[in-house]
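For reference, data.cif (mmCIF, C-alpha atoms):
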data_final
#
loop_
_atom_site.label_atom_id
_atom_site.label_comp_id
_atom_site.auth_asym_id
_atom_site.auth_seq_id
_atom_site.Cartn_x
_atom_site.Cartn_y
_atom_site.Cartn_z
CA MET A 218 -3.37 -13.45 39.14
CA ARG A 219 -6.57 -11.49 39.59
CA LEU A 220 -9.72 -13.24 38.46
CA ALA A 221 -12.23 -10.44 38.00
CA ALA A 222 -15.43 -10.16 36.01
CA LYS A 223 -18.74 -8.36 36.32
CA LYS A 224 -21.61 -9.13 33.99
CA ARG A 225 -25.38 -8.78 34.17
CA LEU A 226 -27.45 -11.25 32.14
CA GLY A 227 -31.15 -10.64 32.69
CA GLY A 228 -31.74 -11.21 36.37
CA PHE A 229 -28.36 -12.89 36.87
CA GLN A 230 -25.37 -10.91 38.07
CA LEU A 231 -21.84 -12.32 37.89
CA ASP A 232 -19.54 -10.50 40.28
CA VAL A 233 -16.17 -12.14 40.83
CA ASP A 234 -12.99 -10.49 42.06
CA VAL A 235 -10.44 -12.78 43.66
CA GLU A 236 -6.66 -13.34 43.71
CA VAL A 237 -5.73 -16.86 42.62
CA GLY A 238 -2.74 -18.82 41.36
CA ASP A 239 -2.23 -19.35 37.65
CA ARG A 240 -3.99 -22.75 37.62
CA VAL A 241 -7.58 -22.58 38.72
CA ILE A 242 -10.58 -24.88 38.79
CA VAL A 243 -13.96 -23.14 38.83
CA MET A 244 -16.75 -25.26 40.28
CA GLY A 245 -20.37 -24.66 41.15
CA PRO A 246 -23.91 -25.73 40.33
CA ASN A 247 -25.63 -25.12 36.99
CA GLY A 248 -26.26 -21.43 36.47
CA SER A 249 -23.66 -20.32 38.99
CA GLY A 250 -21.77 -18.37 36.30
CA LYS A 251 -18.82 -20.66 35.49
CA SER A 252 -19.09 -20.40 31.70
CA THR A 253 -19.93 -16.71 31.89
CA LEU A 254 -16.79 -16.15 33.96
CA LEU A 255 -14.63 -17.98 31.41
CA LYS A 256 -16.17 -16.07 28.49
CA CYS A 257 -15.54 -12.80 30.34
CA ILE A 258 -11.94 -13.71 31.16
CA SER A 259 -11.26 -14.69 27.56
CA GLY A 260 -12.74 -11.44 26.25
CA LEU A 261 -15.38 -13.22 24.17
CA TRP A 262 -18.04 -11.40 26.13
CA ARG A 263 -17.68 -7.76 27.05
CA CYS A 264 -17.68 -7.62 30.84
CA GLY A 265 -16.38 -5.27 33.48
CA PRO A 266 -13.60 -4.57 34.34
CA HIS A 267 -12.70 -4.12 30.68
CA ARG A 268 -10.38 -6.86 29.47
CA ASP A 269 -8.98 -7.64 26.04
CA GLY A 270 -8.01 -11.10 27.11
CA ARG A 271 -5.59 -13.33 25.29
CA TRP A 272 -7.11 -16.34 27.04
CA LEU A 273 -8.22 -18.98 24.60
CA TYR A 274 -11.75 -20.08 25.47
CA VAL A 275 -12.60 -23.69 24.59
CA PRO A 276 -16.35 -24.48 24.69
CA PRO A 277 -17.68 -27.71 26.17
CA GLU A 278 -19.27 -28.87 22.93
CA PRO A 279 -17.43 -27.23 20.05
CA GLN A 280 -19.54 -26.75 16.92
CA ALA A 281 -17.60 -26.79 13.69
CA PRO A 282 -18.85 -26.41 10.12
CA LYS A 283 -20.20 -29.89 9.40
CA ARG A 284 -19.22 -30.11 5.74
CA VAL A 285 -15.59 -29.14 6.33
CA ARG A 286 -12.94 -31.86 6.62
CA ALA A 287 -11.16 -32.03 9.96
CA ARG A 288 -7.84 -31.41 8.16
CA ASP A 289 -9.11 -28.14 6.66
CA TYR A 290 -10.67 -27.06 9.94
CA VAL A 291 -7.36 -27.60 11.72
CA ARG A 292 -5.53 -25.67 8.99
CA THR A 293 -7.88 -22.71 9.48
CA LEU A 294 -7.28 -22.76 13.23
CA GLU A 295 -3.52 -23.10 12.75
CA SER A 296 -3.53 -20.16 10.42
CA ALA A 297 -5.61 -17.97 12.79
CA LEU A 298 -3.47 -18.87 15.81
CA GLY A 299 -0.13 -18.96 13.97
CA ILE A 300 0.77 -22.43 15.28
CA LYS A 301 1.43 -25.96 14.10
CA ALA A 302 -1.10 -28.17 15.85
CA ARG A 303 0.32 -31.13 17.77
CA LEU A 304 -2.53 -33.47 17.02
CA GLU A 305 -0.74 -36.46 18.52
CA LEU A 306 -1.36 -34.89 21.95
CA MET A 307 -4.93 -36.16 21.85
CA GLY A 308 -4.44 -39.03 19.40
CA ILE A 309 -6.14 -37.36 16.42
CA ASP A 310 -6.01 -39.82 13.51
CA TYR A 311 -9.24 -38.88 11.73
CA LEU A 312 -8.29 -35.80 9.77
CA ASP A 313 -9.90 -37.07 6.56
CA LYS A 314 -13.36 -37.21 8.11
CA LYS A 315 -15.78 -34.33 7.80
CA MET A 316 -16.47 -32.48 11.04
CA GLY A 317 -20.13 -33.51 10.85
CA GLU A 318 -19.08 -37.17 10.92
CA LEU A 319 -17.19 -36.81 14.21
CA SER A 320 -18.74 -37.64 17.55
CA THR A 321 -18.85 -34.83 20.11
CA GLY A 322 -15.96 -36.44 21.96
CA MET A 323 -13.83 -36.72 18.81
CA ALA A 324 -14.50 -33.08 17.91
CA GLY A 325 -13.71 -32.13 21.50
CA ARG A 326 -10.36 -33.97 21.37
CA LEU A 327 -9.47 -32.21 18.13
CA VAL A 328 -10.23 -28.80 19.56
CA LEU A 329 -8.37 -29.59 22.79
CA ALA A 330 -5.34 -30.76 20.80
CA VAL A 331 -5.26 -27.45 18.93
CA ALA A 332 -5.73 -25.45 22.14
CA LEU A 333 -3.00 -27.41 23.94
CA SER A 334 -0.64 -26.78 21.00
CA THR A 335 -0.64 -23.05 21.73
CA ASP A 336 1.27 -21.16 24.38
CA LEU A 337 -1.83 -19.14 25.16
CA PRO A 338 -3.45 -19.22 28.59
CA LEU A 339 -6.43 -21.55 28.35
CA ALA A 340 -9.99 -21.17 29.60
CA LEU A 341 -11.43 -24.68 29.28
CA ASP A 342 -15.18 -24.98 29.77
CA GLU A 343 -16.14 -28.50 30.94
CA PRO A 344 -13.24 -30.04 29.00
CA THR A 345 -13.99 -33.61 30.08
CA ALA A 346 -17.74 -33.48 29.40
CA PHE A 347 -17.58 -35.74 26.35
CA LEU A 348 -14.26 -37.56 26.83
CA ASP A 349 -13.91 -41.23 27.70
CA SER A 350 -11.73 -42.28 30.63
CA LYS A 351 -8.61 -42.81 28.49
CA TRP A 352 -8.65 -39.27 27.14
CA ARG A 353 -9.66 -37.77 30.48
CA SER A 354 -6.48 -39.23 31.99
CA ARG A 355 -4.46 -37.95 29.06
CA LEU A 356 -5.95 -34.48 29.45
CA VAL A 357 -5.09 -34.43 33.17
CA GLU A 358 -1.47 -35.38 32.30
CA LEU A 359 -1.24 -32.55 29.76
CA LEU A 360 -2.88 -30.00 32.06
CA GLN A 361 -0.51 -30.80 34.92
CA ALA A 362 2.35 -29.78 32.66
CA ARG A 363 0.87 -26.36 31.80
CA SER A 364 0.63 -23.03 33.54
CA SER A 365 -2.10 -20.38 33.11
CA VAL A 366 -5.17 -22.56 32.85
CA ILE A 367 -8.69 -21.97 34.12
CA ILE A 368 -11.08 -24.90 34.00
CA SER A 369 -14.77 -24.90 34.76
CA THR A 370 -16.11 -28.29 35.65
CA HIS A 371 -18.79 -30.31 37.39
CA ASP A 372 -16.49 -33.31 37.35
CA PRO A 373 -15.23 -34.04 40.88
CA GLU A 374 -12.81 -36.68 39.48
CA LEU A 375 -11.13 -34.05 37.32
CA ALA A 376 -10.97 -31.60 40.21
CA SER A 377 -9.41 -34.15 42.54
CA ALA A 378 -6.93 -35.31 39.89
CA LEU A 379 -5.54 -31.79 39.42
CA LYS A 380 -3.54 -31.60 42.63
CA GLY A 381 -2.21 -28.28 43.79
CA TRP A 382 -4.61 -26.16 41.74
CA ASP A 383 -6.68 -23.42 43.32
CA VAL A 384 -10.42 -24.10 43.43
CA VAL A 385 -12.98 -21.31 43.19
CA GLU A 386 -16.52 -22.31 44.03
CA LEU A 387 -19.22 -20.08 42.57
CA GLU A 388 -22.77 -19.77 43.73
CA GLY A 389 -25.28 -17.34 42.25
CA GLY A 390 -22.52 -15.52 40.37
CA LYS A 391 -20.37 -14.88 43.46
CA VAL A 392 -17.38 -16.61 44.99
CA ALA A 393 -18.72 -18.92 47.71
CA ARG A 394 -15.41 -20.53 48.60
CA LEU A 395 -11.74 -20.40 47.63
CA LEU A 396 -9.44 -23.35 48.26
CA ARG A 397 -5.76 -22.69 47.61
CA ASN A 398 -3.47 -25.50 46.43
CA HIS A 399 -6.10 -28.08 47.11
CA ALA A 400 -4.94 -31.69 47.60
CA ALA A 401 -6.43 -34.79 46.06
CA GLY A 402 -9.58 -36.30 47.51
CA MET B 222 -28.67 -21.06 -2.07
CA GLY B 223 -27.61 -19.53 -5.37
CA ALA B 224 -29.28 -22.40 -7.27
CA VAL B 225 -32.68 -20.90 -6.37
CA LEU B 226 -31.85 -17.97 -8.64
CA LEU B 227 -31.24 -20.11 -11.74
CA PRO B 228 -34.93 -20.57 -12.69
CA VAL B 229 -35.52 -16.88 -11.90
CA ALA B 230 -32.72 -15.95 -14.31
CA VAL B 231 -34.20 -18.16 -17.06
CA ALA B 232 -37.68 -16.74 -16.50
CA LEU B 233 -36.38 -13.17 -16.67
CA ALA B 234 -34.31 -13.90 -19.78
CA SER B 235 -37.41 -15.36 -21.44
CA LEU B 236 -39.14 -11.98 -21.17
CA GLY B 237 -37.10 -10.86 -24.16
CA GLU B 238 -34.76 -7.99 -24.98
CA GLY B 239 -35.11 -4.26 -24.63
CA MET B 240 -35.30 -1.84 -21.76
CA GLY B 241 -38.46 -3.17 -20.14
CA PRO B 242 -37.30 -6.76 -19.67
CA THR B 243 -33.81 -5.55 -18.65
CA VAL B 244 -35.24 -3.26 -16.00
CA MET B 245 -37.44 -6.10 -14.75
CA ALA B 246 -34.36 -8.35 -14.56
CA VAL B 247 -32.38 -5.67 -12.71
CA SER B 248 -35.18 -5.18 -10.18
CA LEU B 249 -35.97 -8.82 -9.45
CA LEU B 250 -32.41 -10.19 -9.52
CA SER B 251 -31.15 -7.31 -7.36
CA ALA B 252 -33.86 -7.94 -4.79
CA ALA B 253 -33.17 -11.68 -4.76
CA ALA B 254 -29.39 -11.13 -4.64
CA SER B 255 -29.68 -8.78 -1.66
CA LEU B 256 -31.78 -11.31 0.26
CA LEU B 257 -29.29 -14.03 -0.59
CA GLY B 258 -26.42 -11.79 0.57
CA ILE B 259 -28.14 -11.07 3.89
CA LEU B 260 -29.00 -14.70 4.60
CA SER B 261 -25.63 -16.13 3.62
CA ALA B 262 -23.72 -13.56 5.70
CA VAL B 263 -26.01 -14.16 8.70
CA GLU B 264 -25.41 -17.89 8.33
CA ASN B 265 -21.61 -17.39 8.11
CA VAL B 266 -21.43 -15.16 11.18
CA MET B 267 -23.76 -17.31 13.28
CA ASP B 268 -21.76 -20.42 12.33
CA ASP B 269 -18.68 -18.61 13.65
CA ARG B 270 -20.40 -17.42 16.81
CA GLU B 271 -21.96 -20.79 17.62
CA GLY B 272 -18.77 -22.59 16.69
CA TRP B 273 -15.29 -22.06 18.10
CA ILE B 274 -14.83 -18.35 17.43
CA ALA B 275 -12.24 -17.90 20.20
CA PRO B 276 -9.16 -18.79 18.05
CA LEU B 277 -10.27 -16.29 15.40
CA ILE B 278 -10.73 -13.55 17.99
CA VAL B 279 -7.52 -14.35 19.87
CA GLY B 280 -5.47 -14.92 16.72
CA LEU B 281 -6.77 -12.13 14.50
CA GLY B 282 -8.34 -9.65 16.90
CA ARG B 283 -11.97 -8.56 16.66
CA GLY B 284 -11.41 -5.90 14.00
CA ARG B 285 -9.44 -8.11 11.62
CA TYR B 286 -11.87 -10.97 12.18
CA ALA B 287 -14.83 -8.78 11.22
CA ALA B 288 -13.01 -7.32 8.19
CA LEU B 289 -12.03 -10.79 7.01
CA ARG B 290 -15.55 -12.11 7.60
CA ALA B 291 -16.97 -9.15 5.59
CA ALA B 292 -14.63 -9.92 2.69
CA VAL B 293 -15.37 -13.66 2.75
CA SER B 294 -19.13 -13.20 3.14
CA THR B 295 -19.19 -10.69 0.27
CA ALA B 296 -17.24 -13.11 -1.92
CA VAL B 297 -19.57 -15.95 -0.93
CA ALA B 298 -22.67 -13.87 -1.77
CA ALA B 299 -21.21 -12.72 -5.10
CA THR B 300 -20.21 -16.29 -5.95
CA ALA B 301 -23.69 -17.55 -5.08
CA VAL B 302 -25.27 -15.04 -7.47
CA ALA B 303 -22.71 -15.64 -10.22
CA PRO B 304 -24.20 -18.81 -11.82
CA ALA B 305 -27.61 -17.13 -12.26
CA LEU B 306 -25.96 -14.03 -13.73
CA ALA B 307 -23.83 -16.16 -16.05
CA LEU B 308 -26.93 -17.98 -17.25
CA TYR B 309 -28.83 -14.73 -17.77
CA SER B 310 -25.85 -13.20 -19.61
CA LEU B 311 -25.61 -16.26 -21.83
CA LEU B 312 -29.25 -15.83 -22.85
CA ARG B 313 -29.37 -12.01 -22.96
CA LEU B 314 -25.86 -10.71 -23.56
CA ALA B 315 -27.01 -7.17 -24.37
CA SER B 316 -28.50 -6.73 -20.89
CA ALA B 317 -25.74 -8.53 -19.00
CA LEU B 318 -23.78 -5.54 -17.69
CA PRO B 319 -26.47 -3.51 -15.89
CA VAL B 320 -28.13 -6.66 -14.53
CA SER B 321 -24.83 -8.11 -13.27
CA ALA B 322 -23.55 -4.83 -11.81
CA ALA B 323 -26.78 -4.13 -9.92
CA SER B 324 -27.12 -7.73 -8.69
CA ILE B 325 -23.53 -8.05 -7.47
CA LEU B 326 -23.73 -4.66 -5.76
CA SER B 327 -27.00 -5.74 -4.13
CA ALA B 328 -25.46 -9.03 -3.00
CA ALA B 329 -22.51 -7.13 -1.50
CA ILE B 330 -24.80 -4.68 0.28
CA GLY B 331 -26.84 -7.63 1.53
CA ALA B 332 -23.68 -9.33 2.81
CA ALA B 333 -22.63 -6.18 4.69
CA LEU B 334 -26.12 -5.90 6.22
CA GLY B 335 -26.01 -9.60 7.13
CA LEU B 336 -22.61 -9.14 8.78
CA LEU B 337 -23.91 -6.27 10.89
CA ILE B 338 -27.06 -8.20 11.82
CA GLY B 339 -25.16 -11.43 12.57
CA LEU B 340 -22.75 -9.61 14.86
CA SER B 341 -25.52 -7.70 16.64
CA ALA B 342 -28.28 -10.28 17.09
CA PRO B 343 -28.37 -12.27 20.34
CA THR B 344 -29.25 -15.61 18.69
CA ARG B 345 -29.42 -17.26 15.25
CA GLY B 346 -33.23 -17.05 15.28
CA HIS B 347 -33.12 -13.33 15.99
CA ALA B 348 -30.52 -12.84 13.27
CA TYR B 349 -32.61 -14.51 10.56
CA ALA B 350 -35.77 -12.69 11.71
CA TRP B 351 -33.98 -9.34 11.71
CA GLY B 352 -32.42 -10.10 8.32
CA VAL B 353 -35.72 -10.92 6.65
CA SER B 354 -37.42 -7.94 8.31
CA VAL B 355 -34.72 -5.51 7.20
CA TRP B 356 -34.85 -6.89 3.66
CA THR B 357 -38.65 -6.63 3.57
CA ALA B 358 -38.49 -3.05 4.80
CA LEU B 359 -35.72 -1.93 2.44
CA ALA B 360 -36.47 -3.97 -0.69
CA LEU B 361 -40.27 -4.16 -0.62
CA ILE B 362 -41.78 -1.47 1.58
CA TYR B 363 -39.47 1.56 1.44
CA GLU B 364 -40.24 2.75 -2.07
CA LEU B 365 -43.96 2.02 -1.68
CA VAL B 366 -44.08 4.18 1.43
CA LEU B 367 -42.10 6.89 -0.32
CA THR B 368 -44.46 6.84 -3.30
CA PHE B 369 -47.59 7.02 -1.13
CA LEU B 370 -46.07 9.79 0.94
CA SER B 371 -45.39 11.78 -2.22
CA LEU B 372 -49.01 11.26 -3.29
CA TYR B 373 -50.59 12.42 -0.07
CA PHE B 374 -48.06 14.98 1.12
CA ALA B 375 -46.14 17.59 -0.76
CA VAL B 376 -42.79 15.84 -0.85
CA SER B 377 -40.50 18.05 -2.87
CA GLU B 378 -38.45 16.60 -5.71
CA PRO B 379 -35.07 17.15 -4.01
CA ILE B 380 -36.31 15.35 -0.89
CA PHE B 381 -37.69 12.48 -2.95
CA ALA B 382 -34.47 12.24 -4.93
CA ALA B 383 -32.38 12.33 -1.76
CA ALA B 384 -34.55 9.67 -0.10
CA LEU B 385 -33.76 7.05 -2.71
CA PRO B 386 -30.01 6.71 -2.14
CA MET B 387 -30.77 6.77 1.60
CA ASN B 388 -31.84 3.16 1.11
CA PRO B 389 -28.80 1.05 0.14
CA LEU B 390 -30.85 -1.54 -1.73
CA SER B 391 -32.74 1.10 -3.73
CA ALA B 392 -29.46 2.78 -4.58
CA ALA B 393 -28.01 -0.44 -6.01
CA ARG B 394 -31.18 -1.29 -7.94
CA LEU B 395 -31.64 2.22 -9.34
CA ALA B 396 -28.00 2.33 -10.40
CA GLY B 397 -28.64 -0.72 -12.60
CA ILE B 398 -31.94 0.64 -13.91
CA ALA B 399 -30.42 4.00 -14.76
CA TRP B 400 -27.67 2.20 -16.67
CA ALA B 401 -30.15 0.13 -18.70
CA ASP B 402 -32.65 2.95 -19.16
CA PRO B 403 -30.94 6.35 -18.73
CA SER B 404 -34.22 8.26 -19.16
CA LEU B 405 -36.01 5.98 -16.67
CA LEU B 406 -38.89 5.71 -19.16
CA THR B 407 -39.63 2.14 -18.12
CA LEU B 408 -40.69 3.32 -14.67
CA GLY B 409 -43.61 5.27 -16.15
CA SER B 410 -44.69 8.49 -14.49
CA VAL B 411 -42.54 7.74 -11.44
CA GLY B 412 -39.60 7.36 -13.85
CA THR B 413 -40.30 10.72 -15.43
CA TYR B 414 -40.52 12.26 -12.01
CA LEU B 415 -37.30 10.56 -10.94
CA TYR B 416 -35.52 11.53 -14.12
CA ARG B 417 -36.42 15.16 -13.56
CA SER B 418 -35.13 15.11 -10.00
CA LEU B 419 -32.24 12.64 -10.35
CA GLY B 420 -31.47 12.93 -14.05
CA ALA B 421 -27.84 13.74 -14.65
CA TYR B 422 -26.80 12.54 -11.20
CA ALA B 423 -27.92 8.93 -11.79
CA PRO B 424 -24.34 7.66 -12.43
CA LEU B 425 -23.50 8.80 -8.88
CA LEU B 426 -25.69 5.96 -7.61
CA PHE B 427 -22.84 3.47 -8.12
CA PRO B 428 -20.35 5.31 -5.88
CA ALA B 429 -23.21 6.04 -3.46
CA THR B 430 -23.88 2.31 -3.23
CA ALA B 431 -20.18 1.58 -2.73
CA LEU B 432 -20.17 4.16 0.07
CA TRP B 433 -23.13 2.38 1.63
CA TYR B 434 -21.21 -0.89 1.50
CA ALA B 435 -18.18 0.69 3.21
CA SER B 436 -20.39 2.29 5.86
CA LEU B 437 -22.20 -0.95 6.65
CA VAL B 438 -18.91 -2.87 6.93
CA ALA B 439 -17.58 -0.12 9.23
CA ALA B 440 -20.72 -0.48 11.36
CA GLY B 441 -20.05 -4.23 11.44
CA LEU B 442 -16.49 -3.60 12.68
CA ILE B 443 -17.85 -1.35 15.43
CA ALA B 444 -20.43 -3.98 16.41
CA ALA B 445 -17.71 -6.65 16.51
CA SER B 446 -15.50 -4.53 18.74
CA GLY B 447 -18.17 -3.66 21.27
CA ARG B 448 -20.36 -6.72 21.66
CA GLY B 449 -20.17 -10.12 23.25
CA LEU B 450 -19.50 -12.79 20.65
#
Starting from the coordinates I provided, produce the structure as structure tokens.
Amino acid sequence: MRLAAKKRLGGFQLDVDVEVGDRVIVMGPNGSGKSTLLKCISGLWRCGPHRDGRWLYVPPEPQAPKRVRARDYVRTLESALGIKARLELMGIDYLDKKMGELSTGMAGRLVLAVALSTDLPLALDEPTAFLDSKWRSRLVELLQARSSVIISTHDPELASALKGWDVVELEGGKVARLLRNHAAG
Amino acid sequence: MGAVLLPVAVALASLGEGMGPTVMAVSLLSAAASLLGILSAVENVMDDREGWIAPLIVGLGRGRYAALRAAVSTAVAATAVAPALALYSLLRLASALPVSAASILSAAIGAALGLLIGLSAPTRGHAYAWGVSVWTALALIYELVLTFLSLYFAVSEPIFAAALPMNPLSAARLAGIAWADPSLLTLGSVGTYLYRSLGAYAPLLFPATALWYASLVAAGLIAASGRGL
């Protein structure tokens, strides 16, 4: 697939146009444009070339209405996406808690479970940022079984665990390096 | 947020019955309701934008999301105003209709303005600042400026009359006032002046306000379709 996005944010210019496989890891230092690229690809931000993406963007630290119960939040998401969430994917057993009572990792698992329940292509922004090792391993297992996923990460462990994925390295908003079907290590 | 209006409603009801107190209630509750509508809609939209908005955009599309958000935010604003209006109506039944109609219309207009601001502002801080500024300009300053302009310059009656519905918050408030006081006597010399220029057309202020609401929601839909969320 073609990974293309142009976006100017103040003095920063994202300019990416590269052919990649359908499972991609985007790496790079802070401020290199990883999140911007994912938001452009998913159509959340208006970027060039124009794209009405059907990619589902998942933020690194999802904020949910704090007073809403997890069960009701999931119902809203299910209704918007037209799916039945498979919450067992990420071991969600805290639906009666309010979203404000959940740790960042618990909220992240809930959101990932909903995202992984869809057939949509996924744009996951730092998906392991708040997960413990057990759920990182589980996420890797689930991601290996999917197609059409773009992940941005700083996590070298995650990148090396996802064998056979293409790796795009960004620097200053541009592609610095492209590794196809990279192997572990 | 709506609880803040309860003591205001009691204070206004305690002013008594008749046109004067009713007009005062229409003016103050409409102004408060519009501010509440703006702030609650800004809060709703910014919660969406800072939360996980992607499923709503992917699942519903930008247009349907914005339309749904407009409907929900309007309902939230109207519901927030409802307890104060119920309390006022309980105490002053005779004035209930104009006060309630003007306040709910103002809350709806406020919600539509808040939607547009929330979808256009770059951050939550900007959104609240823009919301309060727009409310101050439309609810507090606009008519003052208009009045002073008419004192110092020869603003003709048709222009003055046309300028009032150009402000959505004035349109909603004046619709309620004209209902409670068809001759606009309670507004003094300005009322006489307004009655001469607006007179028989005053009932058109309600549809004019509804048109404002539709236009602001449409602007919100356009903002949602063209901007980064």
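Interatomic distance, CA of Ala328 (chain B) against CA of Val266 (chain B): 16.0 Å.
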> region 291-298 of chain B: which residues within 10 Å, counting only C-alpha atoms, same-chain residues fewer than 4 positions away excluded, as a PyMOL selection string?
Replying inline: chain B and resi 222-223+254-266+285-287+302-303+325-337+437-439+441-442
Select from chain A every residue with an atom at most 6 Å from any atom of chain B, then for each give the shortest pair of atoms and their distance in Å to one decimal, using all atoms listed in the file, rows by chain and rising number, as a Markdown table.
| residue | atom | partner | partner_atom | distance |
| --- | --- | --- | --- | --- |
| A:Leu261 | CA | B:Leu450 | CA | 5.4 |
| A:Trp262 | CA | B:Gly449 | CA | 3.8 |
| A:Arg263 | CA | B:Gly449 | CA | 5.1 |
| A:Arg271 | CA | B:Val279 | CA | 5.8 |
| A:Tyr274 | CA | B:Ala275 | CA | 5.7 |
| A:Pro279 | CA | B:Gly272 | CA | 5.9 |
| A:Gln280 | CA | B:Gly272 | CA | 4.2 |
| A:Ala281 | CA | B:Gly272 | CA | 5.3 |
| A:Ala297 | CA | B:Gly280 | CA | 5.0 |
| A:Leu298 | CA | B:Gly280 | CA | 4.5 |
> By how many Å are CA of Trp433 (chain B) and CA of Thr243 (chain B) apart?
Replying inline: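 Interatomic distance here is 24.3 Å.
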>> Rounded to one decimal, what separation in Å do you get between CA of Val385 (chain A) and CA of Glu358 (chain A)?
In response: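 Computing the Euclidean distance for CA of Val385 (chain A) and CA of Glu358 (chain A) yields 21.2 Å.
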Could you give me, as an mmCIF file with C-alpha atoms, keeping the file's coordinate frame, the residues that sit within 9 Å of (-39.1, 10.4, -3.0) in the file's coordinates, counting all atoms listed in the file?
data_model
loop_
_atom_site.group_PDB
_atom_site.id
_atom_site.type_symbol
_atom_site.label_atom_id
_atom_site.label_comp_id
_atom_site.auth_asym_id
_atom_site.auth_seq_id
_atom_site.Cartn_x
_atom_site.Cartn_y
_atom_site.Cartn_z
ATOM 1 C CA GLU B 364 -40.240 2.750 -2.070
ATOM 2 C CA LEU B 367 -42.100 6.890 -0.320
ATOM 3 C CA THR B 368 -44.460 6.840 -3.300
ATOM 4 C CA LEU B 370 -46.070 9.790 0.940
ATOM 5 C CA SER B 371 -45.390 11.780 -2.220
ATOM 6 C CA VAL B 376 -42.790 15.840 -0.850
ATOM 7 C CA SER B 377 -40.500 18.050 -2.870
ATOM 8 C CA GLU B 378 -38.450 16.600 -5.710
ATOM 9 C CA PRO B 379 -35.070 17.150 -4.010
ATOM 10 C CA ILE B 380 -36.310 15.350 -0.890
ATOM 11 C CA PHE B 381 -37.690 12.480 -2.950
ATOM 12 C CA ALA B 382 -34.470 12.240 -4.930
ATOM 13 C CA ALA B 383 -32.380 12.330 -1.760
ATOM 14 C CA ALA B 384 -34.550 9.670 -0.100
ATOM 15 C CA LEU B 385 -33.760 7.050 -2.710
ATOM 16 C CA LEU B 415 -37.300 10.560 -10.940
#
Just want the 6 Å neighbourhood of Leu231 (chain A), counted on all atoms listed in the file, with same-chain residues fewer than 3 positions away dropped. Output as a PDB file with C-alpha atoms, in the frame of the given file.
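The file below, around_35.pdb, is the result:
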ATOM      1  CA  LYS A 223     -18.740  -8.360  36.320  1.00  0.00           C
ATOM      2  CA  LYS A 224     -21.610  -9.130  33.990  1.00  0.00           C
ATOM      3  CA  GLY A 390     -22.520 -15.520  40.370  1.00  0.00           C
TER       4      GLY A 390
END
>> Would you pick out the contacts of Arg219 (chain A) at 9 Å or less, using all atoms listed in the file, so that residues sharing its chain but fewer than 5 positions from it are not included, and give the list as a ChimeraX atom specification?
In response: /A:234-238
> So, counting all atoms listed in the file, which residue among A:Asn398, A:Arg363, A:Lys251, A:Pro338 is closest to Pro277 (chain A)?
Replying inline: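 Of A:Asn398, A:Arg363, A:Lys251, A:Pro338, the one nearest Pro277 (chain A), counting all atoms listed in the file, is A:Lys251.
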Near-region 303-306 of chain A list (7 Å; all atoms listed in the file; drop same-chain fewer than 4 positions) as a compact mmCIF listing (two decimals) with C-alpha atoms, keeping the file's coordinate frame:
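In the end it all went to around_5.txt:
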# COMPACT_ATOMS: atom_id res chain seq x y z
CA ALA A 330 -5.34 -30.76 20.80
CA VAL A 331 -5.26 -27.45 18.93
CA SER A 334 -0.64 -26.78 21.00
>> I'd like the contact shell of Gly325 (chain A) - 9 Å cut-off, only C-alpha atoms, skipping same-chain residues fewer than 4 positions apart - returned as a VMD selection string.
In response: chain A and resid 276 to 279 320 to 321 329 to 330 344 to 348
> For the file shown, what are the residues hit by the PyMOL selection byres ((chain A and resi 373-384) around 7), laid out as a list of chain:residue names?
Replying inline: A:Val237, A:Gly238, A:Arg240, A:Val241, A:Ile242, A:Val243, A:Val357, A:Gln361, A:His371, A:Asp372, A:Val385, A:Glu386, A:Leu395, A:Leu396, A:Arg397, A:Asn398, A:His399, A:Ala400, A:Ala401, A:Gly402
Check which residues satisfy the PyMOL selection byres ((chain B and resi 392) around 10) in the file shown, then give them as a compact mmCIF listing (two decimals) with C-alpha atoms, in the coordinates of the input.
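So the final result, stored in selection-v4.txt, reads:
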# COMPACT_ATOMS: atom_id res chain seq x y z
CA ALA B 323 -26.78 -4.13 -9.92
CA LEU B 326 -23.73 -4.66 -5.76
CA SER B 327 -27.00 -5.74 -4.13
CA ALA B 384 -34.55 9.67 -0.10
CA LEU B 385 -33.76 7.05 -2.71
CA PRO B 386 -30.01 6.71 -2.14
CA MET B 387 -30.77 6.77 1.60
CA ASN B 388 -31.84 3.16 1.11
CA PRO B 389 -28.80 1.05 0.14
CA LEU B 390 -30.85 -1.54 -1.73
CA SER B 391 -32.74 1.10 -3.73
CA ALA B 393 -28.01 -0.44 -6.01
CA ARG B 394 -31.18 -1.29 -7.94
CA LEU B 395 -31.64 2.22 -9.34
CA ALA B 396 -28.00 2.33 -10.40
CA GLY B 397 -28.64 -0.72 -12.60
CA ILE B 398 -31.94 0.64 -13.91
CA ALA B 423 -27.92 8.93 -11.79
CA LEU B 425 -23.50 8.80 -8.88
CA LEU B 426 -25.69 5.96 -7.61
CA PHE B 427 -22.84 3.47 -8.12
CA PRO B 428 -20.35 5.31 -5.88
CA ALA B 429 -23.21 6.04 -3.46
CA THR B 430 -23.88 2.31 -3.23
CA ALA B 431 -20.18 1.58 -2.73
CA TRP B 433 -23.13 2.38 1.63
> Smallest atom-to-atom distance to Ser252 (chain A): which of A:Leu312, A:Leu220, A:Val275, A:Arg286, using all atoms listed in the file?
Replying inline: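 For Ser252 (chain A), the nearest of the candidates is A:Val275.
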